[in-house]
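To start, the structure under review is shown below, and the notes come after it.
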Amino acid sequence: MRREWPLLASVVTTALFLAFGKGWLSDLSGTPWFSFMLGWLFCAILVSAFAVVRHAEALAELLGEPFGTLVLTLSMSGMEMLMIAAVMVNGTGESSLARDTMLAILMVVLNGLVGISLLLGGLRYHEQTYNIYGANAFLAVIVPLAVLGLVLPSYTVTTAGPTLSSLQATFLIVMSLGLYGVFLAIQTRRHRDYFVMPDVAPAGGDVDAVAHEEIRSIPYHGLFLLAYVLPIVLLAKQIAIPIDYGIGVLGAPAAIGGLMVAVLILSPESLAAIRAARANQIQRSINIALGTALSSISVTIPVVLIIGLLTGRTIILGLDAVNTILLLLTLVVSMLTFALERTNVLAGAVHLLLFLAYLMLIFSN
């Protein structure tokens, strides 16, 4: 139980901000106070996110693949969805937070995480083999949902701006959830062998050696996972205030907010994927990366659209021309990368280059 100190820190932080947060965050004009508030909230959410991943990885060991990776990716996507929903419900007017966050997650995962994993794995093992059928199954759903959810709204004419009409939003909700349901049936029942690589043994040490010593039981880890998620959701509304203030004062692009949410959510999971790649478990790394991208876009889009329909808020989903090109280029490169059964350094370098291009274009669009 001593390892669960982050839970105490998260609960105390949540209680303090629920009681005094309105006063503390009412005046952030002082740089030291602003930095302290933002740093405190950021660290509290981050340590909770790491704890969520730790318990999700323990569940992954207990449940086995592909259920283990599914639990991990759904945990991360659930945090993303709840954080976005918590901020949106209390807002008014238009909202582009979901669009910016989903684009940031796709860029971080499909370019940053995939790039680092393939680059480090390629440097250490020259080539790594994975199950091509699983990667293609992920991309077969990611590509249409990404285009329909983030590109199409900029070209529809029923409504003004990069938005969807009620009929279009309802169709996208049903389609996203329906496609993800079919994918889950494929992943967990009919074609589970697509997402495992039994012939490739880990090399260079077992990345889960420490986790094996900490595994208890499914109820134990499941309850702690939920316990850590709740403070993250409650603190999401609090951290949105200093983030918005900082963006306004510095004149930074609005997309920075989505990138910060993505970094908070994906940092722990990214470390797990990178450790797997370095231990020659590239299949697990790919499952985590592509699974996160898929669950994020297929669950978050329906949730934010439902919130928009219920609250009457205008949900901005469509990307501008520059980000549309970047997203489409990322999808095409991803299809080329996972068209072969082996990965190498070159593929990783290309994805990292696209990620750096995304970061550059945030500040110089």
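The chains in the structure tokens are called A, B, ... from first to last as shown; in each chain the residues are counted from 1, and the ligands are counted from 1 in the order shown.
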| Which residues, written as a list in words, have at least one atom at most 7 Å from range 280-286 of chain A, with only C-alpha atoms counted and residues fewer than 2 positions away on the same chain left out? | Gly121, Gln128, Tyr130, Asn131, Val196, Met197, Pro202, Ala203, Ala273, Ile274, Ala276, Ala277, Arg278, Ile288, Ala289 and Leu290 of chain A
| field | Selection: 12 Å around Pro144 in chain A, only C-alpha atoms, excl. self and same-chain fewer than 2 positions, as number ranges by chain | value | A: 138-142, 146-152, 172, 175-176, 179-180, 294, 297-298, 328, 331
Restricted to N, CA and C atoms, what would the selected residues look like written as a compact mmCIF listing (two decimals), in the first residue's frame?
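As a result, result.txt now contains:
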# COMPACT_ATOMS: atom_id res chain seq x y z
N PHE A 138 -6.16 -2.10 -37.23
CA PHE A 138 -6.23 -0.79 -36.56
C PHE A 138 -6.40 0.32 -37.57
N LEU A 139 -5.53 0.35 -38.59
CA LEU A 139 -5.55 1.44 -39.56
C LEU A 139 -6.82 1.44 -40.40
N ALA A 140 -7.41 0.28 -40.63
CA ALA A 140 -8.63 0.21 -41.43
C ALA A 140 -9.78 0.96 -40.76
N VAL A 141 -9.72 1.12 -39.45
CA VAL A 141 -10.76 1.88 -38.74
C VAL A 141 -10.29 3.30 -38.44
N ILE A 142 -9.01 3.47 -38.12
CA ILE A 142 -8.49 4.80 -37.80
C ILE A 142 -8.65 5.75 -38.99
N ALA A 146 -10.85 9.15 -38.75
CA ALA A 146 -10.08 10.39 -38.69
C ALA A 146 -10.51 11.36 -39.78
N VAL A 147 -10.71 10.84 -40.98
CA VAL A 147 -11.11 11.69 -42.10
C VAL A 147 -12.53 12.21 -41.92
N LEU A 148 -13.46 11.32 -41.55
CA LEU A 148 -14.85 11.74 -41.37
C LEU A 148 -15.02 12.67 -40.18
N GLY A 149 -14.23 12.45 -39.13
CA GLY A 149 -14.39 13.25 -37.93
C GLY A 149 -13.64 14.57 -37.93
N LEU A 150 -12.46 14.61 -38.56
CA LEU A 150 -11.61 15.80 -38.47
C LEU A 150 -11.41 16.54 -39.79
N VAL A 151 -11.72 15.91 -40.90
CA VAL A 151 -11.52 16.55 -42.21
C VAL A 151 -12.86 16.93 -42.84
N LEU A 152 -13.79 16.00 -42.89
CA LEU A 152 -15.07 16.23 -43.56
C LEU A 152 -15.83 17.45 -43.05
N LEU A 172 -22.42 10.30 -37.48
CA LEU A 172 -21.03 10.06 -37.11
C LEU A 172 -20.93 9.38 -35.75
N MET A 175 -21.89 5.72 -36.41
CA MET A 175 -20.85 5.07 -37.21
C MET A 175 -19.60 4.81 -36.38
N SER A 176 -19.18 5.80 -35.59
CA SER A 176 -17.96 5.65 -34.80
C SER A 176 -18.11 4.52 -33.78
N LEU A 179 -18.44 1.04 -35.68
CA LEU A 179 -17.17 0.52 -36.20
C LEU A 179 -16.27 0.05 -35.07
N TYR A 180 -16.24 0.81 -33.98
CA TYR A 180 -15.39 0.40 -32.85
C TYR A 180 -15.91 -0.89 -32.23
N LEU A 294 -6.93 4.67 -32.00
CA LEU A 294 -8.26 4.21 -32.39
C LEU A 294 -9.29 4.47 -31.30
N ILE A 297 -10.14 8.33 -30.90
CA ILE A 297 -10.98 9.00 -31.90
C ILE A 297 -12.38 8.38 -31.99
N SER A 298 -12.49 7.08 -31.76
CA SER A 298 -13.79 6.42 -31.90
C SER A 298 -14.69 6.61 -30.69
N LEU A 328 -3.51 13.94 -43.12
CA LEU A 328 -3.58 13.00 -44.24
C LEU A 328 -2.20 12.42 -44.55
N LEU A 331 -1.49 9.72 -42.00
CA LEU A 331 -2.24 8.49 -42.27
C LEU A 331 -1.61 7.70 -43.42
| request: Among the residues of range 109-252 of chain A, find those DSSP assigns to helix (DSSP H, G or I) from the backbone and print them as a ChimeraX atom specification. | output: /A:109-125,132-154,166-190,192-195,209-214,218-250
| Within 12 Å of Ala98 in chain A using only C-alpha atoms, minus same-chain residues under 2 positions, as a ChimeraX atom specification | /A:80-88,94-96,100-105,149-150,254-255,257-259,261-262,296-297,299-305,307-308,314-319
Dump of N, CA and C atoms for the selected residues, as a short mmCIF file (atom, residue, chain, number, x, y, z; two decimals), in the first residue's frame:
data_model
loop_
_atom_site.label_atom_id
_atom_site.label_comp_id
_atom_site.auth_asym_id
_atom_site.auth_seq_id
_atom_site.Cartn_x
_atom_site.Cartn_y
_atom_site.Cartn_z
N GLU A 80 -8.96 10.77 -21.27
CA GLU A 80 -9.06 11.87 -22.23
C GLU A 80 -10.50 12.33 -22.39
N MET A 81 -11.40 11.37 -22.58
CA MET A 81 -12.80 11.69 -22.80
C MET A 81 -13.39 12.42 -21.59
N LEU A 82 -13.09 11.93 -20.38
CA LEU A 82 -13.66 12.54 -19.17
C LEU A 82 -13.08 13.93 -18.93
N MET A 83 -11.79 14.12 -19.22
CA MET A 83 -11.18 15.44 -19.05
C MET A 83 -11.82 16.45 -19.99
N ILE A 84 -11.98 16.06 -21.25
CA ILE A 84 -12.58 16.97 -22.23
C ILE A 84 -14.03 17.27 -21.86
N ALA A 85 -14.77 16.22 -21.48
CA ALA A 85 -16.18 16.40 -21.11
C ALA A 85 -16.32 17.31 -19.89
N ALA A 86 -15.43 17.13 -18.90
CA ALA A 86 -15.51 17.94 -17.68
C ALA A 86 -15.32 19.41 -17.98
N VAL A 87 -14.42 19.73 -18.92
CA VAL A 87 -14.17 21.12 -19.28
C VAL A 87 -15.32 21.66 -20.14
N MET A 88 -15.82 20.84 -21.08
CA MET A 88 -16.85 21.31 -22.01
C MET A 88 -18.18 21.56 -21.32
N GLU A 94 -18.69 28.24 -28.58
CA GLU A 94 -18.05 27.25 -29.41
C GLU A 94 -16.95 26.54 -28.64
N SER A 95 -16.63 25.32 -29.11
CA SER A 95 -15.56 24.56 -28.46
C SER A 95 -14.76 23.81 -29.51
N SER A 96 -13.45 24.06 -29.52
CA SER A 96 -12.55 23.33 -30.41
C SER A 96 -11.57 22.48 -29.62
N ASP A 100 -8.70 19.89 -31.12
CA ASP A 100 -7.28 20.13 -30.89
C ASP A 100 -6.64 18.98 -30.12
N THR A 101 -7.38 18.43 -29.14
CA THR A 101 -6.84 17.32 -28.35
C THR A 101 -6.71 16.06 -29.18
N MET A 102 -7.72 15.76 -30.00
CA MET A 102 -7.65 14.56 -30.82
C MET A 102 -6.54 14.65 -31.87
N LEU A 103 -6.39 15.82 -32.47
CA LEU A 103 -5.28 15.98 -33.42
C LEU A 103 -3.95 15.80 -32.71
N ALA A 104 -3.82 16.41 -31.52
CA ALA A 104 -2.56 16.28 -30.77
C ALA A 104 -2.29 14.83 -30.42
N ILE A 105 -3.31 14.09 -30.00
CA ILE A 105 -3.11 12.68 -29.65
C ILE A 105 -2.71 11.87 -30.88
N GLY A 149 -14.23 12.45 -39.13
CA GLY A 149 -14.39 13.25 -37.93
C GLY A 149 -13.64 14.57 -37.93
N LEU A 150 -12.46 14.61 -38.56
CA LEU A 150 -11.61 15.80 -38.47
C LEU A 150 -11.41 16.54 -39.79
N ALA A 254 -4.10 28.39 -29.67
CA ALA A 254 -5.07 27.64 -28.89
C ALA A 254 -4.77 26.14 -28.88
N ALA A 255 -4.08 25.66 -29.92
CA ALA A 255 -3.76 24.24 -30.02
C ALA A 255 -2.83 23.77 -28.90
N GLY A 257 -3.32 24.10 -25.79
CA GLY A 257 -4.16 23.48 -24.78
C GLY A 257 -4.41 22.01 -25.07
N GLY A 258 -4.73 21.70 -26.32
CA GLY A 258 -4.94 20.30 -26.70
C GLY A 258 -3.68 19.48 -26.57
N LEU A 259 -2.53 20.09 -26.91
CA LEU A 259 -1.26 19.38 -26.80
C LEU A 259 -0.93 19.07 -25.34
N VAL A 261 -3.07 18.62 -22.86
CA VAL A 261 -3.95 17.53 -22.44
C VAL A 261 -3.42 16.19 -22.96
N ALA A 262 -2.97 16.17 -24.22
CA ALA A 262 -2.44 14.95 -24.80
C ALA A 262 -1.19 14.49 -24.07
N SER A 296 -9.19 6.54 -28.88
CA SER A 296 -9.35 7.97 -28.66
C SER A 296 -10.34 8.58 -29.64
N ILE A 297 -10.14 8.33 -30.90
CA ILE A 297 -10.98 9.00 -31.90
C ILE A 297 -12.38 8.38 -31.99
N VAL A 299 -14.12 6.97 -29.54
CA VAL A 299 -14.92 7.19 -28.33
C VAL A 299 -15.10 8.67 -28.06
N THR A 300 -14.06 9.46 -28.23
CA THR A 300 -14.13 10.88 -27.88
C THR A 300 -15.05 11.65 -28.82
N ILE A 301 -14.99 11.39 -30.12
CA ILE A 301 -15.85 12.10 -31.06
C ILE A 301 -17.33 11.92 -30.72
N PRO A 302 -17.82 10.69 -30.52
CA PRO A 302 -19.23 10.56 -30.14
C PRO A 302 -19.58 11.28 -28.84
N VAL A 303 -18.70 11.22 -27.85
CA VAL A 303 -19.00 11.86 -26.56
C VAL A 303 -19.14 13.37 -26.71
N VAL A 304 -18.19 14.01 -27.41
CA VAL A 304 -18.26 15.47 -27.52
C VAL A 304 -19.44 15.89 -28.40
N LEU A 305 -19.77 15.10 -29.40
CA LEU A 305 -20.93 15.43 -30.23
C LEU A 305 -22.23 15.29 -29.44
N ILE A 307 -22.49 15.69 -26.18
CA ILE A 307 -22.52 16.85 -25.29
C ILE A 307 -22.99 18.08 -26.05
N GLY A 308 -22.52 18.25 -27.28
CA GLY A 308 -22.94 19.39 -28.09
C GLY A 308 -24.44 19.37 -28.38
N THR A 314 -21.80 24.59 -29.96
CA THR A 314 -21.27 24.33 -31.29
C THR A 314 -19.92 23.64 -31.16
N ILE A 315 -19.82 22.43 -31.69
CA ILE A 315 -18.59 21.65 -31.60
C ILE A 315 -17.81 21.80 -32.91
N ILE A 316 -16.66 22.42 -32.82
CA ILE A 316 -15.80 22.60 -34.00
C ILE A 316 -14.91 21.37 -34.14
N LEU A 317 -15.06 20.64 -35.23
CA LEU A 317 -14.28 19.43 -35.47
C LEU A 317 -13.33 19.55 -36.66
N GLY A 318 -13.72 20.28 -37.66
CA GLY A 318 -12.93 20.34 -38.89
C GLY A 318 -11.61 21.05 -38.72
N LEU A 319 -10.57 20.50 -39.32
CA LEU A 319 -9.24 21.09 -39.28
C LEU A 319 -9.06 22.13 -40.37
#
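Proximity of A:Ala160, A:Ala44, A:Ala19, A:Ala272 to Ile232 in chain A, computed with only C-alpha atoms, is greatest for A:Ala44.
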Would you mind listing what lies within 7 Å of Val345 in chain A as a compact mmCIF listing (two decimals) with C-alpha atoms, in the first residue's frame, with only C-alpha atoms counted and same-chain residues fewer than 5 positions away left out?
# COMPACT_ATOMS: atom_id res chain seq x y z
CA LEU A 118 10.61 2.14 -34.21
CA LEU A 119 13.78 4.24 -34.06
CA GLY A 122 15.70 -0.38 -35.04
CA LEU A 123 18.90 0.98 -33.52
| request: Write out as a PyMOL selection string all residues of range 24-246 of chain A that backbone DSSP assigns to strand (DSSP E or B). | output: chain A and resi 94-95+128-129
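Put simply, CA of Thr311 in chain A is 24.3 Å away from CA of Tyr245 in chain A.
With only C-alpha atoms as the basis for measurement, A:Phe183 is the residue among A:Phe183, A:Phe171, A:Phe17, A:Trp5 that approaches Ser295 in chain A most closely.
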| task | Give me the residues within 12 Å of Pro242 in chain A as a list in words, counting only C-alpha atoms and dropping any in the same chain fewer than 5 places off. | result | Gly21, Lys22, Trp24, Leu25, Ser26, Asp27, Leu28, Ser29, Gly30, Thr31, Trp33, Phe34, Ser35, Phe36, Met37, Leu38, Gly39, Trp40, Leu41, Phe42, Leu235, Ala236, Lys237, Ile247, Gly248, Val249, Leu250, Gly257 and Met260 of chain A
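You will find CA of Val71 in chain A at 12.2 Å from CA of Gln187 in chain A.
Note that CA of Val52 in chain A and CA of Leu359 in chain A are 27.1 Å apart.
Nearest to Val47 in chain A of all the residues A:Val182, A:Leu310, A:Ala9, A:Ala279 is A:Ala9, counting only C-alpha atoms.
Among A:Phe224, A:Tyr358, A:Tyr194, A:Tyr155, the residue with the shortest atom-to-atom distance to Pro6 in chain A, counting only C-alpha atoms, is A:Phe224.
Closest approach to Leu110 in chain A from the set A:Ile325, A:Val143, A:Gly134, A:Arg342 is made by A:Val143, with distances taken over only C-alpha atoms.
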| query | When distances are computed from only C-alpha atoms, which of A:Leu16, A:Leu326, A:Ala56, A:Leu106 shows the smallest separation from Gly291 in chain A? | reply | A:Leu106
